[in-house]
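File shown: data.txt (compact mmCIF, C-alpha atoms and all ligand atoms).
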```txt
# COMPACT_ATOMS: atom_id res chain seq x y z
CA ALA U 2 153.58 83.53 134.27
CA TYR U 3 156.72 82.75 132.34
CA GLU U 4 158.75 79.70 133.17
CA ILE U 5 162.43 80.18 133.70
CA ARG U 6 164.89 77.50 132.92
CA PRO U 7 167.76 77.60 135.39
CA ARG U 8 170.95 76.19 133.95
CA ASP U 9 172.79 73.31 135.58
CA TRP U 10 175.43 75.21 137.51
CA SER U 11 177.12 72.05 138.77
CA SER U 12 178.73 71.56 135.36
CA ASP U 13 182.37 72.49 135.47
CA VAL U 14 182.57 73.99 131.99
CA CYS U 15 182.74 77.76 131.91
CA SER U 16 181.24 78.55 128.55
CA SER U 17 183.27 81.76 128.24
CA ASP U 18 186.19 79.44 127.59
CA LEU U 19 184.27 78.10 124.61
CA ASN U 20 183.04 81.41 123.17
CA MET U 21 186.30 83.27 123.21
CA ALA U 22 186.95 82.42 119.59
CA ASP U 23 183.76 83.87 118.14
CA ARG U 24 184.51 87.53 118.51
CA LEU U 25 182.14 89.86 116.79
CA ASP U 26 182.45 93.24 115.14
CA PRO U 27 181.64 96.39 117.11
CA ILE U 28 178.23 98.01 116.66
CA LEU U 29 178.97 101.63 115.90
CA PRO U 30 177.13 104.86 116.81
CA GLY U 31 174.25 105.60 114.48
CA SER U 32 172.88 102.09 115.02
CA TYR U 33 169.78 101.26 117.01
CA LEU U 34 170.15 99.58 120.40
CA GLY U 35 167.11 97.93 121.99
CA ILE U 36 166.12 97.88 125.63
CA LEU U 37 163.49 95.63 127.19
CA GLY U 38 161.73 97.65 129.87
CA GLY U 39 161.00 101.35 129.98
CA GLY U 40 161.58 102.24 133.64
CA GLN U 41 164.13 104.67 135.02
CA LEU U 42 167.03 102.33 134.34
CA GLY U 43 165.97 102.15 130.71
CA ARG U 44 165.65 105.93 130.62
CA MET U 45 169.17 106.49 131.93
CA PHE U 46 170.46 103.83 129.54
CA THR U 47 168.74 105.70 126.69
CA HIS U 48 170.34 109.00 127.70
CA ALA U 49 173.78 107.37 127.79
CA ALA U 50 173.29 105.65 124.43
CA GLN U 51 172.06 108.84 122.76
CA ALA U 52 175.00 110.81 124.18
CA MET U 53 177.25 108.45 122.25
CA GLY U 54 175.24 108.79 119.04
CA TYR U 55 173.19 105.60 119.20
CA LYS U 56 169.47 105.46 118.68
CA VAL U 57 167.30 103.57 121.12
CA CYS U 58 164.21 101.41 120.73
CA VAL U 59 162.30 100.68 123.95
CA LEU U 60 159.90 97.76 124.31
CA ASP U 61 157.45 98.36 127.15
CA PRO U 62 153.69 97.82 127.38
CA ASP U 63 153.23 101.09 129.29
CA LEU U 64 152.35 104.10 127.14
CA ASN U 65 153.87 106.49 129.69
CA SER U 66 157.14 104.73 130.46
CA PRO U 67 160.07 106.93 131.56
CA ALA U 68 162.35 105.49 128.84
CA GLY U 69 159.69 105.46 126.13
CA ALA U 70 159.39 109.23 126.61
CA VAL U 71 163.01 109.84 125.59
CA ALA U 72 163.85 107.04 123.13
CA GLU U 73 163.68 107.48 119.34
CA LYS U 74 161.26 104.58 119.19
CA HIS U 75 158.86 103.06 121.71
CA ILE U 76 157.16 99.80 120.82
CA GLN U 77 154.23 99.54 123.15
CA ALA U 78 153.60 95.83 123.53
CA ASP U 79 154.02 92.88 125.82
CA TYR U 80 157.52 91.41 126.21
CA VAL U 81 156.45 88.11 124.65
CA ASP U 82 154.49 89.60 121.77
CA HIS U 83 156.03 87.84 118.75
CA ALA U 84 155.27 90.62 116.28
CA ALA U 85 156.77 93.23 118.62
CA LEU U 86 159.92 91.15 119.15
CA LYS U 87 160.23 90.74 115.37
CA GLU U 88 160.00 94.50 114.99
CA VAL U 89 162.67 95.03 117.67
CA ALA U 90 164.88 92.51 115.88
CA SER U 91 164.39 94.23 112.53
CA ILE U 92 165.40 97.64 113.93
CA CYS U 93 168.08 96.87 116.52
CA GLN U 94 171.64 95.59 116.24
CA ALA U 95 171.74 94.58 119.90
CA VAL U 96 169.33 94.26 122.81
CA SER U 97 169.73 94.47 126.59
CA THR U 98 167.33 94.47 129.53
CA GLU U 99 166.66 96.95 132.30
CA PHE U 100 164.65 94.72 134.63
CA GLU U 101 165.51 91.33 136.00
CA ASN U 102 162.14 89.71 135.55
CA VAL U 103 162.24 90.05 131.79
CA PRO U 104 160.85 86.78 130.37
CA ALA U 105 163.71 84.49 129.32
CA GLN U 106 161.52 83.68 126.34
CA ALA U 107 161.78 87.25 125.04
CA LEU U 108 165.60 87.23 125.21
CA ASP U 109 165.78 83.80 123.59
CA GLU U 110 163.40 84.76 120.83
CA LEU U 111 165.41 87.89 119.99
CA GLU U 112 168.59 85.82 119.93
CA ALA U 113 166.96 83.32 117.59
CA LEU U 114 166.00 86.25 115.34
CA GLY U 115 169.69 87.04 114.99
CA VAL U 116 170.03 90.03 117.33
CA TYR U 117 173.02 90.27 119.68
CA VAL U 118 171.51 89.85 123.17
CA ALA U 119 173.58 90.90 126.19
CA PRO U 120 173.15 89.57 128.80
CA THR U 121 171.55 86.34 127.61
CA SER U 122 168.67 84.56 129.35
CA SER U 123 170.89 82.03 131.11
CA GLY U 124 172.70 84.75 133.08
CA VAL U 125 169.52 86.71 133.78
CA SER U 126 167.47 83.71 134.87
CA VAL U 127 169.80 82.94 137.80
CA ALA U 128 168.97 86.32 139.31
CA GLN U 129 165.23 85.85 138.70
CA ASN U 130 164.92 83.03 141.15
CA ARG U 131 166.39 83.00 144.65
CA VAL U 132 166.65 79.20 144.61
CA ALA U 133 168.79 79.23 141.46
CA GLU U 134 170.71 82.23 142.77
CA LYS U 135 171.59 80.60 146.10
CA LYS U 136 172.49 77.38 144.33
CA PHE U 137 174.77 79.23 141.97
CA LEU U 138 176.43 81.17 144.80
CA ALA U 139 176.88 78.00 146.87
CA THR U 140 178.28 76.03 143.91
CA TRP U 141 180.98 78.60 143.20
CA LYS U 142 181.65 79.60 146.80
CA ASP U 143 185.21 78.31 146.76
CA GLU U 144 186.07 79.96 143.48
CA ALA U 145 184.48 83.30 144.43
CA GLY U 146 185.85 83.15 147.98
CA ILE U 147 182.45 84.26 149.34
CA GLY U 148 179.24 82.21 149.56
CA PRO U 149 175.57 82.78 150.41
CA ALA U 150 174.06 82.92 153.91
CA PRO U 151 172.96 79.57 155.41
CA HIS U 152 169.57 78.77 153.89
CA LEU U 153 167.08 76.07 152.99
CA VAL U 154 164.58 75.85 150.13
CA ILE U 155 160.96 75.58 151.32
CA GLU U 156 158.92 73.75 148.73
CA HIS U 157 156.95 71.05 150.58
CA ASP U 158 155.33 70.76 154.02
CA SER U 159 158.01 68.31 155.04
CA ASP U 160 160.74 70.91 154.44
CA ILE U 161 159.49 72.89 157.42
CA ALA U 162 160.05 69.98 159.80
CA HIS U 163 163.58 69.61 158.47
CA VAL U 164 164.68 73.20 159.01
CA PRO U 165 167.69 73.08 161.34
CA ASP U 166 167.14 75.06 164.58
CA ASP U 167 170.06 77.32 163.87
CA LEU U 168 168.35 78.86 160.79
CA PHE U 169 166.09 80.72 163.28
CA PRO U 170 165.51 83.59 163.45
CA GLY U 171 165.36 83.53 159.69
CA ILE U 172 163.98 85.49 156.78
CA LEU U 173 161.51 83.72 154.52
CA LYS U 174 161.81 85.07 150.98
CA THR U 175 159.68 84.11 147.98
CA ALA U 176 161.83 82.60 145.25
CA ARG U 177 160.41 84.89 142.60
CA MET U 178 159.45 88.55 142.18
CA GLY U 179 160.79 89.97 145.45
CA TYR U 180 162.23 93.50 145.40
CA ASP U 181 162.64 96.48 147.74
CA GLY U 182 162.04 94.21 150.74
CA LYS U 183 158.74 92.92 149.31
CA GLY U 184 158.03 89.18 149.47
CA GLN U 185 159.98 88.57 152.65
CA VAL U 186 159.24 88.22 156.35
CA THR U 187 161.23 87.46 159.49
CA VAL U 188 160.26 84.26 161.32
CA HIS U 189 161.45 83.30 164.82
CA THR U 190 159.95 79.83 165.21
CA ARG U 191 158.82 76.85 163.15
CA ASP U 192 155.19 77.88 163.79
CA GLU U 193 155.80 81.38 162.50
CA LEU U 194 157.51 79.85 159.48
CA SER U 195 154.45 77.67 158.72
CA GLN U 196 152.13 80.65 159.04
CA ALA U 197 154.33 82.89 156.90
CA TRP U 198 154.57 80.23 154.21
CA GLU U 199 150.74 79.87 154.20
CA LYS U 200 150.49 83.63 153.74
CA PHE U 201 152.78 83.37 150.71
CA ASN U 202 150.31 80.77 149.35
CA ARG U 203 152.98 78.07 149.68
CA VAL U 204 154.95 79.30 146.71
CA ILE U 205 158.55 78.13 146.57
CA CYS U 206 160.59 80.11 149.08
CA VAL U 207 164.05 80.29 150.58
CA LEU U 208 164.47 80.46 154.34
CA GLU U 209 167.65 82.32 155.11
CA LYS U 210 169.32 82.65 158.47
CA ARG U 211 169.06 86.25 159.70
CA MET U 212 172.63 87.45 159.82
CA ASP U 213 174.13 89.92 162.24
CA LEU U 214 174.94 92.68 159.74
CA ASP U 215 177.62 95.25 160.34
CA PHE U 216 176.96 97.01 157.02
CA GLU U 217 175.83 96.32 153.44
CA VAL U 218 177.79 96.88 150.25
CA SER U 219 177.46 96.25 146.56
CA ALA U 220 179.99 95.46 143.88
CA LEU U 221 179.36 96.63 140.35
CA VAL U 222 181.19 94.77 137.61
CA VAL U 223 181.04 94.88 133.83
CA ARG U 224 182.12 92.26 131.31
CA GLY U 225 182.60 92.75 127.59
CA HIS U 226 181.98 90.14 124.88
CA ASP U 227 185.75 89.58 124.73
CA ASP U 228 185.93 88.66 128.46
CA GLN U 229 187.33 92.06 129.49
CA VAL U 230 186.10 92.57 133.09
CA VAL U 231 186.17 95.88 134.95
CA ALA U 232 185.02 96.70 138.49
CA TYR U 233 183.87 99.85 140.23
CA PRO U 234 184.90 100.62 143.80
CA VAL U 235 182.72 98.88 146.39
CA ALA U 236 179.73 101.00 147.44
CA GLU U 237 178.20 101.09 150.92
CA ASN U 238 174.40 101.03 151.10
CA ILE U 239 171.88 102.07 153.72
CA HIS U 240 168.34 100.76 153.31
CA LYS U 241 165.26 102.23 154.98
CA SER U 242 162.10 100.09 155.09
CA GLY U 243 163.68 97.67 152.62
CA ILE U 244 164.35 100.42 150.03
CA LEU U 245 167.80 101.76 149.23
CA HIS U 246 168.24 105.14 150.94
CA THR U 247 171.85 106.17 150.35
CA THR U 248 174.96 104.82 148.63
CA THR U 249 178.35 106.14 149.75
CA VAL U 250 181.60 105.76 147.80
CA PRO U 251 184.32 105.19 148.84
CA ALA U 252 182.63 102.81 151.29
CA PRO U 253 183.41 104.31 154.70
CA SER U 254 183.24 101.12 156.78
CA ILE U 255 185.15 98.65 154.65
CA SER U 256 188.76 97.52 155.01
CA SER U 257 190.94 97.33 151.93
CA ALA U 258 191.28 93.55 152.40
CA GLN U 259 187.49 93.18 152.49
CA GLU U 260 187.10 95.41 149.43
CA LYS U 261 189.61 93.36 147.47
CA LYS U 262 187.90 90.11 148.42
CA ILE U 263 184.47 91.44 147.40
CA VAL U 264 185.67 92.76 144.04
CA GLU U 265 187.39 89.46 143.26
CA ALA U 266 184.22 87.56 144.17
CA ALA U 267 182.08 89.75 141.89
CA LYS U 268 184.54 89.28 139.03
CA ALA U 269 184.51 85.51 139.51
CA ILE U 270 180.70 85.55 139.54
CA ILE U 271 180.32 87.55 136.31
CA ARG U 272 182.79 85.25 134.54
CA ARG U 273 181.12 82.09 135.82
CA LEU U 274 177.76 83.39 134.61
CA ASP U 275 179.36 83.97 131.20
CA TYR U 276 177.61 87.30 131.42
CA VAL U 277 178.07 90.24 129.05
CA GLY U 278 176.91 93.55 130.50
CA VAL U 279 176.60 95.32 133.85
CA LEU U 280 176.02 93.18 136.93
CA CYS U 281 175.64 94.15 140.57
CA VAL U 282 176.24 91.80 143.50
CA GLU U 283 174.99 92.74 146.99
CA PHE U 284 177.05 91.59 149.96
CA PHE U 285 176.58 91.63 153.73
CA VAL U 286 179.57 92.36 155.93
CA LEU U 287 178.83 90.70 159.26
CA LYS U 288 179.73 91.86 162.76
CA SER U 289 182.11 88.90 162.86
CA GLY U 290 183.97 90.36 159.85
CA ASP U 291 182.80 87.50 157.61
CA ILE U 292 181.19 88.35 154.29
CA VAL U 293 178.22 86.71 152.58
CA ALA U 294 176.86 87.21 149.08
CA ASN U 295 173.20 88.26 149.18
CA GLU U 296 171.83 88.69 145.69
CA ILE U 297 172.67 89.40 142.06
CA ALA U 298 171.05 92.03 139.83
CA PRO U 299 171.51 91.37 136.09
CA ARG U 300 171.53 95.03 135.04
CA PRO U 301 172.68 98.45 136.18
CA HIS U 302 171.67 98.93 139.83
CA ASN U 303 170.27 101.72 141.97
CA SER U 304 173.45 101.56 144.09
CA GLY U 305 175.46 102.30 140.91
CA HIS U 306 173.74 105.61 140.09
CA TYR U 307 176.59 107.51 141.74
CA THR U 308 178.78 106.53 138.75
CA GLN U 309 176.91 109.09 136.62
CA ASN U 310 178.66 111.98 138.34
CA ALA U 311 181.55 110.49 140.32
CA CYS U 312 183.22 108.15 137.82
CA VAL U 313 184.81 108.53 134.40
CA THR U 314 182.22 106.15 132.90
CA SER U 315 178.68 105.68 134.20
CA GLN U 316 177.16 102.22 134.62
CA PHE U 317 174.70 103.06 131.82
CA GLU U 318 177.45 103.99 129.40
CA GLN U 319 179.10 100.65 130.27
CA GLN U 320 175.85 98.85 129.46
CA VAL U 321 175.90 100.56 126.05
CA ARG U 322 179.57 99.72 125.48
CA ALA U 323 179.17 96.07 126.49
CA MET U 324 176.18 95.40 124.25
CA ALA U 325 177.75 97.35 121.37
CA ARG U 326 180.92 95.25 121.72
CA ILE U 327 183.10 98.32 122.01
CA PRO U 328 185.83 98.62 124.67
CA LEU U 329 184.64 99.25 128.24
CA GLY U 330 185.32 102.64 129.84
CA SER U 331 187.37 103.54 132.89
CA THR U 332 185.66 102.85 136.22
CA GLU U 333 187.90 105.32 138.02
CA LEU U 334 186.26 107.24 140.86
CA VAL U 335 187.06 110.91 140.32
CA GLN U 336 185.32 112.34 143.38
CA SER U 337 183.88 111.35 146.72
CA THR U 338 180.13 110.80 146.47
CA ILE U 339 176.81 109.99 148.09
CA MET U 340 173.68 109.04 146.18
CA LEU U 341 170.38 109.85 147.89
CA ASN U 342 167.22 108.20 146.60
CA ILE U 343 164.18 110.44 146.08
CA LEU U 344 160.86 108.69 146.70
CA GLY U 345 157.28 109.80 146.10
CA ASP U 346 157.11 110.46 149.86
CA GLU U 347 159.02 113.69 149.24
CA TRP U 348 155.99 115.10 147.35
CA LEU U 349 153.49 113.86 149.93
CA ILE U 350 154.29 115.62 153.18
CA ASN U 351 151.46 116.36 155.63
CA GLY U 352 148.88 114.76 153.38
CA GLN U 353 149.31 117.33 150.61
CA GLN U 354 151.06 117.04 147.28
CA SER U 355 153.70 119.65 146.49
CA GLU U 356 156.88 119.78 144.42
CA PRO U 357 160.00 119.41 146.56
CA LEU U 358 162.25 122.47 146.92
CA TRP U 359 164.73 121.57 144.18
CA ASN U 360 165.86 125.15 143.79
CA GLU U 361 166.88 125.25 147.45
CA ILE U 362 168.88 122.03 147.16
CA LEU U 363 170.63 123.10 143.99
CA LYS U 364 172.09 126.14 145.75
CA GLU U 365 174.88 123.72 146.68
CA PRO U 366 176.58 123.67 143.26
CA LYS U 367 177.98 120.14 143.52
CA THR U 368 174.50 118.67 143.77
CA LYS U 369 173.33 116.69 140.74
CA LEU U 370 169.60 116.11 140.45
CA HIS U 371 168.21 113.19 138.43
CA LEU U 372 164.44 112.83 138.06
CA TYR U 373 162.78 110.05 136.11
CA GLY U 374 159.78 111.94 134.69
CA LYS U 375 157.17 109.87 136.53
CA ALA U 376 153.87 111.71 136.72
CA GLU U 377 152.45 110.30 139.91
CA PRO U 378 154.37 110.39 143.20
CA ARG U 379 153.44 107.48 145.47
CA HIS U 380 154.83 106.40 148.83
CA GLY U 381 157.86 104.19 148.30
CA ARG U 382 157.96 104.88 144.54
CA LYS U 383 161.41 105.74 143.19
CA MET U 384 161.05 109.14 141.52
CA GLY U 385 164.69 110.18 141.20
CA HIS U 386 168.00 110.48 142.99
CA ILE U 387 170.57 113.10 143.86
CA ASN U 388 174.31 112.60 143.52
CA PHE U 389 176.39 114.74 145.83
CA VAL U 390 180.04 114.99 144.80
CA GLY U 391 183.07 116.67 146.28
CA ALA U 392 186.73 116.45 147.15
CA THR U 393 186.14 114.99 150.61
CA ALA U 394 183.72 112.51 152.16
CA LYS U 395 182.99 115.10 154.84
CA GLU U 396 181.74 117.84 152.50
CA VAL U 397 179.63 115.35 150.58
CA LYS U 398 178.05 114.07 153.78
CA LEU U 399 177.20 117.62 154.89
CA ALA U 400 175.56 118.41 151.55
CA CYS U 401 173.51 115.22 151.73
CA GLU U 402 172.43 115.87 155.32
CA ASN U 403 171.34 119.36 154.36
CA ALA U 404 169.26 118.06 151.45
CA VAL U 405 167.62 115.47 153.71
CA LYS U 406 166.53 118.37 155.96
CA VAL U 407 165.33 120.59 153.11
CA LEU U 408 163.35 117.74 151.55
CA ARG U 409 162.08 116.76 155.02
CA ILE U 410 163.01 113.13 154.40
CA ALA U 411 161.92 111.36 157.55
CA ARG U 412 163.06 107.82 156.74
P1 LIG U 501 165.40 92.64 147.89
O1 LIG U 501 165.24 91.83 146.64
O2 LIG U 501 164.12 93.15 148.41
O3 LIG U 501 166.49 93.67 147.80
P2 LIG U 501 167.18 91.32 149.79
O4 LIG U 501 167.40 89.86 149.89
O5 LIG U 501 168.31 92.12 149.26
O6 LIG U 501 165.85 91.55 148.97
O7 LIG U 501 166.79 91.85 151.21
C1 LIG U 501 166.47 93.22 151.48
C2 LIG U 501 167.18 93.69 152.72
O8 LIG U 501 166.80 92.89 153.86
C3 LIG U 501 168.68 93.54 152.66
O9 LIG U 501 169.26 94.65 152.00
C4 LIG U 501 169.05 93.46 154.15
O10 LIG U 501 169.01 94.75 154.74
C5 LIG U 501 167.90 92.67 154.72
N1 LIG U 501 168.24 91.21 154.73
C6 LIG U 501 167.97 90.35 153.74
N2 LIG U 501 168.43 89.11 154.03
C7 LIG U 501 169.00 89.19 155.24
C8 LIG U 501 169.66 88.24 156.10
N3 LIG U 501 169.80 86.97 155.76
N4 LIG U 501 170.11 88.68 157.29
C9 LIG U 501 169.96 89.97 157.66
N5 LIG U 501 169.36 90.91 156.89
C10 LIG U 501 168.88 90.54 155.70
MG MG U 502 168.52 93.50 147.73
```
Go ahead and render the structure in this file as structure tokens.
Amino acid sequence: AYEIRPRDWSSDVCSSDLNMADRLDPILPGSYLGILGGGQLGRMFTHAAQAMGYKVCVLDPDLNSPAGAVAEKHIQADYVDHAALKEVASICQAVSTEFENVPAQALDELEALGVYVAPTSSGVSVAQNRVAEKKFLATWKDEAGIGPAPHLVIEHDSDIAHVPDDLFPGILKTARMGYDGKGQVTVHTRDELSQAWEKFNRVICVLEKRMDLDFEVSALVVRGHDDQVVAYPVAENIHKSGILHTTTVPAPSISSAQEKKIVEAAKAIIRRLDYVGVLCVEFFVLKSGDIVANEIAPRPHNSGHYTQNACVTSQFEQQVRAMARIPLGSTELVQSTIMLNILGDEWLINGQQSEPLWNEILKEPKTKLHLYGKAEPRHGRKMGHINFVGATAKEVKLACENAVKVLRIAR
């Protein structure tokens, strides 16, 4: 396991104020960009970089990684392999990450080797640990205008006795390595909390009050090395069994006042993190109308895949632009859109494995299919997504509903 070193977020100095002077030259097409992680996010990053004339070097221990299959170079090694990091540093002008649990050590080592690293480990490490994340969100609540849900860190036996009654029912979440609803469980009583914590082998957790959600949204923001910050429209997300199911933009349920507040909060957060790159912040809009910040992803996000076909600039192109220190692109939404996630389940209907009816779905000409080139479909495994675009929210919704029927998605 790699230790992360959360920064002291109580300090009042925003380091972006300090760095503004050391502007750097742009990294131009033809150069190599490096990406740590070879999953689907790395693959879509690679496509975007190559479209602009960059070359890509992927570092991923997996021989069959989705990004490794399309990049000019794939270094197949562990993320903390010194020789591999040296090789990355010798080839690449800049490096970014496609997964949030990238060891801080790898980012730091690359930086020490003289490569431009964006985002840096201090920004990424906050999102790697729910304790640091909640602390960060709570510290800057006033500045962002939105804070985290009521919560308590569970680290020692005695913490359980001190949980205020009004945190129940709550959701116990492991501080590290949770994703797609994994590493979390709802607890109604102190006894259930004790049992759940035992089951998590008493690792450090956060107990969060279960909020009365009206709907869930995410805000995607991008910051350049020169402190330019751009934001995409707020996206509305539906999860099924803890996994993102659809993202709809424009967000149908949100008011313009709420949207403005959420975008401002996300911009404040990316600046406070002194973060260069693409960042996604998930928010809950409560039945009461109040908003809470849920979590931060230090990379392009599944809920931002719609940008590939509905916006002037995709989130992956922005990741390229930010790390290459070239100006960010327009985030303008050109069309109405819904993104539908495609899971391995779609291959595994009635206990048999068969290829979904892509041809049938593509009869609707405004349907954009994205598959990640993963060989083995498994239940709950993200295999691809479809972006439906159109002039109206209504036509997009109909196209999506039709595809859900054709693919026999039963979630
Ligand atoms: P993950 O890292 O798995 O995405 P999240 O903290 O985002 O973890 O939780 C996954 C989902 O669980 C959320 O999208 C939301 O639907 C639900 N959830 C999480 N925390 C709360 C909460 N405090 N109150 C109500 N629902 C919650
Ligand atoms: Mg989440």
Rows by chain and residue number, region 142-184 of chain U within 8 Å of region 210-234 of chain U, shortest pair, only C-alpha atoms, as JSON lines:
```
{"residue": "U:Ala150", "atom": "CA", "partner": "U:Lys210", "partner_atom": "CA", "distance": 6.6}
{"residue": "U:Pro151", "atom": "CA", "partner": "U:Lys210", "partner_atom": "CA", "distance": 5.7}
{"residue": "U:His152", "atom": "CA", "partner": "U:Lys210", "partner_atom": "CA", "distance": 6.0}
{"residue": "U:Asp167", "atom": "CA", "partner": "U:Lys210", "partner_atom": "CA", "distance": 7.6}
{"residue": "U:Leu168", "atom": "CA", "partner": "U:Lys210", "partner_atom": "CA", "distance": 4.5}
{"residue": "U:Phe169", "atom": "CA", "partner": "U:Lys210", "partner_atom": "CA", "distance": 6.1}
{"residue": "U:Pro170", "atom": "CA", "partner": "U:Arg211", "partner_atom": "CA", "distance": 5.8}
{"residue": "U:Gly171", "atom": "CA", "partner": "U:Lys210", "partner_atom": "CA", "distance": 4.2}
{"residue": "U:Ile172", "atom": "CA", "partner": "U:Arg211", "partner_atom": "CA", "distance": 5.9}
```
Export of the given selection (C-alpha atoms) as a short mmCIF file (atom, residue, chain, number, x, y, z; two decimals), in the coordinates of the input:
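To be explicit, this is the file written out as part31.cif:
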```cif
data_model
loop_
_atom_site.label_atom_id
_atom_site.label_comp_id
_atom_site.auth_asym_id
_atom_site.auth_seq_id
_atom_site.Cartn_x
_atom_site.Cartn_y
_atom_site.Cartn_z
CA ALA U 150 174.06 82.92 153.91
CA PRO U 151 172.96 79.57 155.41
CA HIS U 152 169.57 78.77 153.89
CA ASP U 167 170.06 77.32 163.87
CA LEU U 168 168.35 78.86 160.79
CA PHE U 169 166.09 80.72 163.28
CA PRO U 170 165.51 83.59 163.45
CA GLY U 171 165.36 83.53 159.69
CA ILE U 172 163.98 85.49 156.78
#
```
* Asked: Mind listing the residues within 10 Å of ligand LIG 501 (chain U), all atoms listed in the file counted, as number ranges by chain?
  -> U: 128-129, 131, 149-152, 168, 170-187, 208-219, 238-245, 282-285, 287, 293-298
Emit the selected residues as a PDB file, in the frame of the given file, including C-alpha atoms.
```pdb
ATOM      1  CA  ALA U 128     168.970  86.320 139.310  1.00  0.00           C
ATOM      2  CA  GLN U 129     165.230  85.850 138.700  1.00  0.00           C
ATOM      3  CA  ARG U 131     166.390  83.000 144.650  1.00  0.00           C
ATOM      4  CA  PRO U 149     175.570  82.780 150.410  1.00  0.00           C
ATOM      5  CA  ALA U 150     174.060  82.920 153.910  1.00  0.00           C
ATOM      6  CA  PRO U 151     172.960  79.570 155.410  1.00  0.00           C
ATOM      7  CA  HIS U 152     169.570  78.770 153.890  1.00  0.00           C
ATOM      8  CA  LEU U 168     168.350  78.860 160.790  1.00  0.00           C
ATOM      9  CA  PRO U 170     165.510  83.590 163.450  1.00  0.00           C
ATOM     10  CA  GLY U 171     165.360  83.530 159.690  1.00  0.00           C
ATOM     11  CA  ILE U 172     163.980  85.490 156.780  1.00  0.00           C
ATOM     12  CA  LEU U 173     161.510  83.720 154.520  1.00  0.00           C
ATOM     13  CA  LYS U 174     161.810  85.070 150.980  1.00  0.00           C
ATOM     14  CA  THR U 175     159.680  84.110 147.980  1.00  0.00           C
ATOM     15  CA  ALA U 176     161.830  82.600 145.250  1.00  0.00           C
ATOM     16  CA  ARG U 177     160.410  84.890 142.600  1.00  0.00           C
ATOM     17  CA  MET U 178     159.450  88.550 142.180  1.00  0.00           C
ATOM     18  CA  GLY U 179     160.790  89.970 145.450  1.00  0.00           C
ATOM     19  CA  TYR U 180     162.230  93.500 145.400  1.00  0.00           C
ATOM     20  CA  ASP U 181     162.640  96.480 147.740  1.00  0.00           C
ATOM     21  CA  GLY U 182     162.040  94.210 150.740  1.00  0.00           C
ATOM     22  CA  LYS U 183     158.740  92.920 149.310  1.00  0.00           C
ATOM     23  CA  GLY U 184     158.030  89.180 149.470  1.00  0.00           C
ATOM     24  CA  GLN U 185     159.980  88.570 152.650  1.00  0.00           C
ATOM     25  CA  VAL U 186     159.240  88.220 156.350  1.00  0.00           C
ATOM     26  CA  THR U 187     161.230  87.460 159.490  1.00  0.00           C
ATOM     27  CA  LEU U 208     164.470  80.460 154.340  1.00  0.00           C
ATOM     28  CA  GLU U 209     167.650  82.320 155.110  1.00  0.00           C
ATOM     29  CA  LYS U 210     169.320  82.650 158.470  1.00  0.00           C
ATOM     30  CA  ARG U 211     169.060  86.250 159.700  1.00  0.00           C
ATOM     31  CA  MET U 212     172.630  87.450 159.820  1.00  0.00           C
ATOM     32  CA  ASP U 213     174.130  89.920 162.240  1.00  0.00           C
ATOM     33  CA  LEU U 214     174.940  92.680 159.740  1.00  0.00           C
ATOM     34  CA  ASP U 215     177.620  95.250 160.340  1.00  0.00           C
ATOM     35  CA  PHE U 216     176.960  97.010 157.020  1.00  0.00           C
ATOM     36  CA  GLU U 217     175.830  96.320 153.440  1.00  0.00           C
ATOM     37  CA  VAL U 218     177.790  96.880 150.250  1.00  0.00           C
ATOM     38  CA  SER U 219     177.460  96.250 146.560  1.00  0.00           C
ATOM     39  CA  ASN U 238     174.400 101.030 151.100  1.00  0.00           C
ATOM     40  CA  ILE U 239     171.880 102.070 153.720  1.00  0.00           C
ATOM     41  CA  HIS U 240     168.340 100.760 153.310  1.00  0.00           C
ATOM     42  CA  LYS U 241     165.260 102.230 154.980  1.00  0.00           C
ATOM     43  CA  SER U 242     162.100 100.090 155.090  1.00  0.00           C
ATOM     44  CA  GLY U 243     163.680  97.670 152.620  1.00  0.00           C
ATOM     45  CA  ILE U 244     164.350 100.420 150.030  1.00  0.00           C
ATOM     46  CA  LEU U 245     167.800 101.760 149.230  1.00  0.00           C
ATOM     47  CA  VAL U 282     176.240  91.800 143.500  1.00  0.00           C
ATOM     48  CA  GLU U 283     174.990  92.740 146.990  1.00  0.00           C
ATOM     49  CA  PHE U 284     177.050  91.590 149.960  1.00  0.00           C
ATOM     50  CA  PHE U 285     176.580  91.630 153.730  1.00  0.00           C
ATOM     51  CA  LEU U 287     178.830  90.700 159.260  1.00  0.00           C
ATOM     52  CA  VAL U 293     178.220  86.710 152.580  1.00  0.00           C
ATOM     53  CA  ALA U 294     176.860  87.210 149.080  1.00  0.00           C
ATOM     54  CA  ASN U 295     173.200  88.260 149.180  1.00  0.00           C
ATOM     55  CA  GLU U 296     171.830  88.690 145.690  1.00  0.00           C
ATOM     56  CA  ILE U 297     172.670  89.400 142.060  1.00  0.00           C
ATOM     57  CA  ALA U 298     171.050  92.030 139.830  1.00  0.00           C
TER      58      ALA U 298
END
```
* To do: Find the spatial neighbours of His48 (chain U), counting only C-alpha atoms, within a cut-off of 10 Å - ignore same-chain residues fewer than 6 positions away - and output them as a list of chain:residue names.
  => U:Leu42, U:Gly54, U:Tyr55, U:Lys56, U:Val57, U:Ala68, U:Val71, U:Ala72, U:Phe317, U:Glu318
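Checking U:Val59, U:Cys281, U:Ala78, U:Leu274 one by one against ligand MG 502 (chain U), counting only C-alpha atoms and all ligand atoms, you find the shortest gap at U:Cys281.
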* Structure fact -> Here CA of Gln309 (chain U) and CA of Thr249 (chain U) stand apart by 13.5 Å
